[in-house]
Amino acid sequence: MAEAVVELLERAARRDTPLEELRALRLAVQAVPTAALRARLSDDHLGALFALLSVNDREQVSACVSILERLLQALDPLYVIQNLREELQKGLFHPDDSVKILTISQVGRIVENSEAVAEILNSPELLRQIINCIGGEKIAVAKEAIKSLSRIAQTQEGLEALFVSSLLSDLKNVMATNDIVRYRVYELIVEISSVSAESLNYCANSGLISELIGELTGDDVLVRATCIEMVTSLAHTPHGRQYLAQQGVIDKISNIIVGAESDPFSGFYLPGFVKFFGNLAVIDSPQQICERYPVFVEKVFDMAESHDPTMIGVAVDTLGILGSNVEGKQVLQKTRSRFQNLLTKIGHQARNAPTELRLRCLDAISSLLYLPPEQQTEDLLRMTESWFTSLSSQPLELFRSISTQPFPDLHCGALRVFTAIANQPWAQKLMLDSPGFVEYIVDRSVEPDKASKDAKYELVKALVNSKTIAEVFGNQYYLRLRAYLHEGPYYVKAVSTTAVEGAE
């Protein structure tokens, strides 16, 4: 097979290759091991294939791109940049986006190689054109460019090449293309800044983070909505949060939430601002964030109590995030009756809202009610039990009715609520006292699809792994659950048939 590939490559090198032979070559190179390809390839072969990209024939270009993808992967990145620099350069100017993506992805490979990266950093024209590709019409080309530039910035030399040279001007020039391209550059800057404090310093010194923050706190409500997502990504790292706090950005976001009361357009950006604080609370400390920025908790409650499904959805998601750990649960518990009343509304939405909001409510309820075994103190168990009973007059029946509906997503969502409380003794007693509930758990026939079978299995696993289950459920039910767990999620009981003489 390797010999056939070489023969086809030799023909390609003579530049008279018909399309049928290129198709054959495309199939052949996929079948040859990488080592065999590497041993047989020459500069002439690759140069010829790159030359075939210059024709105005989409099928031929597509075939050549597929072949080159496979061949270049077989080559050492240092070899590619040293011997095919000119071809890569031309590829970045090619009118076909698949050629640009091929070229940029190769640059991404090269910069991950410690020996080859210096060659790229000494090729400013190549880097300049990759930066220009961020402004391309096709999002796939822009994303590949962002990925490669982000990899280049993984080293000190790469950071200096991008931010302490004329390339910074190219980056700023491409930003001026339009709003969409500007946000792509911000996305790149946030990605680079998230790597380390040093990376963040380079980005901050470039002035681009200040521009992003300026747009976040500016008057354009649509721009705010876009920028808050990027600032939230930056806040996922300790050095990013420290920077935002030092620059007063977190305080500014809090002040904008305060001012949202009088802004008729706040619906555009408020969800993103609230999500920002929700993420911050979980990453840092729910208590500290909620005490320092009380407007955040107040706004979440206001949104949850509103009649706007969009606002309710964001509030429910945020409550689920906030209550995902014990410290967050205790912050919510301090609001006492207000949160209990809110749980009643969430329980109502879980039953009656449109499907998407029902799913978000079920996920939030699961997050709020789950308690790891090592944190199950009497006080916290009493708290989760009181929260559960606040959801509905008959909460177990509420979720059981949702779990019997013919909608897999809702069915699994309700099972996840049961799984969240399965290791808590009060919930186990409720399950046992509910007629037919344990039979429902071990009944495999009610799970119509893989996702449902997996969700039921997780519930059984959570029950079996609980220290109190044998005592609460009794030996008979406990053994049935263990058998279910042992048999796995997809077990089907064999049905024996007896042959009768004379039967057809």
# chains A, B, ... in the order shown; residues from 1 in each chain; ligands from 1

call {"tool": "residues_around", "arguments": {"residues": "Leu319 in chain A", "least_positions_apart": "5", "cutoff": "10 Å", "atoms": "only C-alpha atoms", "output": "short mmCIF file (atom, residue, chain, number, x, y, z; two decimals) with all heavy atoms, in the first residue's frame"}}
result
data_model
loop_
_atom_site.label_atom_id
_atom_site.label_comp_id
_atom_site.auth_asym_id
_atom_site.auth_seq_id
_atom_site.Cartn_x
_atom_site.Cartn_y
_atom_site.Cartn_z
N LYS A 275 -25.60 36.05 36.76
CA LYS A 275 -24.83 34.81 36.61
C LYS A 275 -23.37 35.02 37.02
O LYS A 275 -22.74 34.14 37.59
CB LYS A 275 -24.86 34.33 35.15
CG LYS A 275 -26.15 33.63 34.75
CD LYS A 275 -26.03 33.19 33.29
CE LYS A 275 -27.36 32.68 32.75
NZ LYS A 275 -27.29 32.41 31.30
N GLY A 278 -23.24 34.73 40.64
CA GLY A 278 -23.49 33.35 41.02
C GLY A 278 -22.24 32.49 40.88
O GLY A 278 -21.90 31.72 41.79
N VAL A 297 -28.07 38.91 46.00
CA VAL A 297 -29.09 37.97 46.51
C VAL A 297 -30.48 38.57 46.35
O VAL A 297 -31.42 37.89 45.93
CB VAL A 297 -28.82 37.63 47.99
CG1 VAL A 297 -29.85 36.62 48.49
CG2 VAL A 297 -27.42 37.04 48.16
N VAL A 300 -31.60 38.27 42.76
CA VAL A 300 -31.96 36.89 42.41
C VAL A 300 -33.37 36.57 42.90
O VAL A 300 -34.19 35.99 42.17
CB VAL A 300 -30.93 35.88 43.01
CG1 VAL A 300 -31.40 34.44 42.80
CG2 VAL A 300 -29.57 36.06 42.36
N PHE A 301 -33.67 36.98 44.13
CA PHE A 301 -35.01 36.73 44.68
C PHE A 301 -36.07 37.49 43.89
O PHE A 301 -37.14 36.95 43.57
CB PHE A 301 -35.06 37.11 46.16
CG PHE A 301 -34.53 36.03 47.07
CD1 PHE A 301 -33.20 35.65 47.02
CD2 PHE A 301 -35.35 35.39 47.98
CE1 PHE A 301 -32.71 34.64 47.84
CE2 PHE A 301 -34.87 34.39 48.81
CZ PHE A 301 -33.54 34.02 48.75
N ALA A 304 -36.66 35.70 40.65
CA ALA A 304 -37.37 34.44 40.85
C ALA A 304 -38.85 34.67 41.14
O ALA A 304 -39.70 33.84 40.81
CB ALA A 304 -36.72 33.65 41.99
N GLY A 313 -35.94 31.77 34.94
CA GLY A 313 -34.97 30.74 34.58
C GLY A 313 -33.57 31.06 35.07
O GLY A 313 -32.88 30.20 35.64
N VAL A 314 -33.13 32.30 34.86
CA VAL A 314 -31.78 32.71 35.30
C VAL A 314 -31.69 32.65 36.82
O VAL A 314 -30.69 32.18 37.38
CB VAL A 314 -31.45 34.13 34.79
CG1 VAL A 314 -30.15 34.62 35.39
CG2 VAL A 314 -31.36 34.14 33.27
N SER A 324 -25.31 24.87 45.71
CA SER A 324 -24.67 23.59 45.39
C SER A 324 -23.67 23.16 46.46
O SER A 324 -23.23 22.02 46.48
CB SER A 324 -23.95 23.68 44.03
OG SER A 324 -22.95 24.67 44.05
N GLY A 328 -23.33 27.84 50.71
CA GLY A 328 -24.37 28.53 49.94
C GLY A 328 -25.77 28.21 50.46
O GLY A 328 -26.64 29.08 50.52
N LYS A 329 -25.99 26.95 50.83
CA LYS A 329 -27.30 26.56 51.39
C LYS A 329 -27.59 27.35 52.67
O LYS A 329 -28.71 27.80 52.90
CB LYS A 329 -27.31 25.06 51.70
CG LYS A 329 -27.22 24.13 50.49
CD LYS A 329 -27.35 22.68 50.91
CE LYS A 329 -26.71 21.69 49.95
NZ LYS A 329 -27.22 21.70 48.59
N LEU A 332 -28.73 30.86 51.96
CA LEU A 332 -30.14 30.89 51.55
C LEU A 332 -31.06 30.66 52.76
O LEU A 332 -32.12 31.28 52.87
CB LEU A 332 -30.40 29.83 50.48
CG LEU A 332 -29.71 30.07 49.14
CD1 LEU A 332 -29.84 28.86 48.23
CD2 LEU A 332 -30.27 31.31 48.45
N CYS A 361 -35.80 24.04 36.74
CA CYS A 361 -36.27 23.95 38.13
C CYS A 361 -35.87 22.62 38.76
O CYS A 361 -35.40 22.57 39.90
CB CYS A 361 -37.79 24.12 38.20
SG CYS A 361 -38.37 25.80 37.89
N ALA A 364 -32.17 22.66 39.54
CA ALA A 364 -31.88 23.51 40.70
C ALA A 364 -32.31 22.83 41.99
O ALA A 364 -31.59 22.86 43.00
CB ALA A 364 -32.61 24.85 40.55
N ILE A 365 -33.47 22.18 41.98
CA ILE A 365 -33.97 21.48 43.17
C ILE A 365 -32.99 20.37 43.56
O ILE A 365 -32.65 20.21 44.74
CB ILE A 365 -35.39 20.91 42.91
CG1 ILE A 365 -36.41 22.06 42.81
CG2 ILE A 365 -35.80 19.94 44.01
CD1 ILE A 365 -37.75 21.66 42.22
N SER A 367 -29.80 20.24 42.99
CA SER A 367 -28.59 20.88 43.53
C SER A 367 -28.82 21.39 44.96
O SER A 367 -27.97 21.23 45.83
CB SER A 367 -28.20 22.04 42.60
OG SER A 367 -27.04 22.67 43.06
N LEU A 368 -29.98 21.99 45.19
CA LEU A 368 -30.29 22.56 46.51
C LEU A 368 -30.45 21.48 47.58
O LEU A 368 -30.07 21.67 48.74
CB LEU A 368 -31.57 23.40 46.43
CG LEU A 368 -31.47 24.72 45.67
CD1 LEU A 368 -32.86 25.24 45.31
CD2 LEU A 368 -30.71 25.76 46.50
#

call {"tool": "select_by_dssp", "arguments": {"residues": "range 321-479 of chain A", "states": "alpha helix (DSSP H)", "output": "MDAnalysis selection string"}}
result
chainID A and resid 321:322 326:333 337:352 355:369 378:390 395:403 408:421 425:433 437:442 450:464 469:473 475:479

call {"tool": "closest_residue", "arguments": {"among": "A:Ser150, A:Thr226, A:Gln82, A:Gln428", "to": "Ala118 in chain A", "atoms": "only C-alpha atoms"}}
result
A:Gln82

call {"tool": "residues_around", "arguments": {"residues": "Arg184 in chain A", "least_positions_apart": "2", "cutoff": "10 Å", "atoms": "only C-alpha atoms", "output": "count of residues only"}}
result
17

call {"tool": "residues_around", "arguments": {"residues": "Ser337 in chain A", "least_positions_apart": "4", "cutoff": "12 Å", "atoms": "only C-alpha atoms", "output": "MDAnalysis selection string"}}
result
chainID A and resid 332:333 341:344 386:387 390

call {"tool": "write_last_selection", "arguments": {"atoms": "all heavy atoms", "output": "CSV table (one decimal), in the first residue's frame"}}
result
chain,number,residue,atom,x,y,z
A,332,LEU,N,-28.7,30.9,52.0
A,332,LEU,CA,-30.1,30.9,51.6
A,332,LEU,C,-31.1,30.7,52.8
A,332,LEU,O,-32.1,31.3,52.9
A,332,LEU,CB,-30.4,29.8,50.5
A,332,LEU,CG,-29.7,30.1,49.1
A,332,LEU,CD1,-29.8,28.9,48.2
A,332,LEU,CD2,-30.3,31.3,48.4
A,333,GLN,N,-30.6,29.8,53.7
A,333,GLN,CA,-31.5,29.5,54.8
A,333,GLN,C,-31.6,30.7,55.7
A,333,GLN,O,-32.7,30.8,56.4
A,333,GLN,CB,-30.8,28.3,55.6
A,333,GLN,CG,-31.5,27.9,56.9
A,333,GLN,CD,-32.8,27.2,56.6
A,333,GLN,OE1,-33.3,27.2,55.5
A,333,GLN,NE2,-33.4,26.6,57.7
A,341,ASN,N,-40.9,30.4,50.7
A,341,ASN,CA,-42.0,30.8,49.8
A,341,ASN,C,-41.5,30.6,48.4
A,341,ASN,O,-42.3,30.2,47.5
A,341,ASN,CB,-42.4,32.2,50.1
A,341,ASN,CG,-43.1,32.3,51.4
A,341,ASN,OD1,-43.6,31.4,52.0
A,341,ASN,ND2,-43.1,33.6,52.0
A,342,LEU,N,-40.3,30.9,48.1
A,342,LEU,CA,-39.7,30.8,46.8
A,342,LEU,C,-39.7,29.4,46.3
A,342,LEU,O,-39.9,29.1,45.2
A,342,LEU,CB,-38.3,31.4,46.8
A,342,LEU,CG,-37.7,31.8,45.4
A,342,LEU,CD1,-38.7,32.8,44.7
A,342,LEU,CD2,-36.4,32.5,45.6
A,343,LEU,N,-39.4,28.5,47.3
A,343,LEU,CA,-39.3,27.1,47.0
A,343,LEU,C,-40.7,26.6,46.5
A,343,LEU,O,-40.8,25.8,45.6
A,343,LEU,CB,-38.8,26.3,48.2
A,343,LEU,CG,-37.3,26.3,48.4
A,343,LEU,CD1,-37.0,25.8,49.8
A,343,LEU,CD2,-36.5,25.6,47.4
A,344,THR,N,-41.8,27.1,47.2
A,344,THR,CA,-43.1,26.7,46.8
A,344,THR,C,-43.4,27.1,45.3
A,344,THR,O,-44.0,26.4,44.5
A,344,THR,CB,-44.2,27.4,47.7
A,344,THR,OG1,-43.8,27.1,49.0
A,344,THR,CG2,-45.6,27.0,47.4
A,386,SER,N,-37.1,20.4,55.4
A,386,SER,CA,-38.1,21.5,55.4
A,386,SER,C,-38.1,22.2,54.0
A,386,SER,O,-39.2,22.6,53.5
A,386,SER,CB,-37.7,22.6,56.4
A,386,SER,OG,-36.5,23.3,56.0
A,387,TRP,N,-37.0,22.2,53.3
A,387,TRP,CA,-37.0,22.7,51.9
A,387,TRP,C,-37.9,21.8,51.0
A,387,TRP,O,-38.6,22.3,50.2
A,387,TRP,CB,-35.6,22.8,51.3
A,387,TRP,CG,-34.8,23.9,51.9
A,387,TRP,CD1,-35.1,24.8,53.0
A,387,TRP,CD2,-33.5,24.4,51.5
A,387,TRP,NE1,-34.1,25.7,53.2
A,387,TRP,CE2,-33.1,25.4,52.4
A,387,TRP,CE3,-32.6,23.9,50.6
A,387,TRP,CZ2,-31.9,26.1,52.2
A,387,TRP,CZ3,-31.3,24.6,50.4
A,387,TRP,CH2,-31.0,25.6,51.3
A,390,SER,N,-41.4,22.3,51.5
A,390,SER,CA,-41.9,23.6,51.0
A,390,SER,C,-42.2,23.6,49.5
A,390,SER,O,-42.9,24.5,49.0
A,390,SER,CB,-40.9,24.7,51.3
A,390,SER,OG,-40.6,24.8,52.7

call {"tool": "closest_residue", "arguments": {"among": "A:Pro435, A:Pro489, A:Pro294, A:Gly158", "to": "Lys461 in chain A", "atoms": "only C-alpha atoms"}}
result
A:Pro489
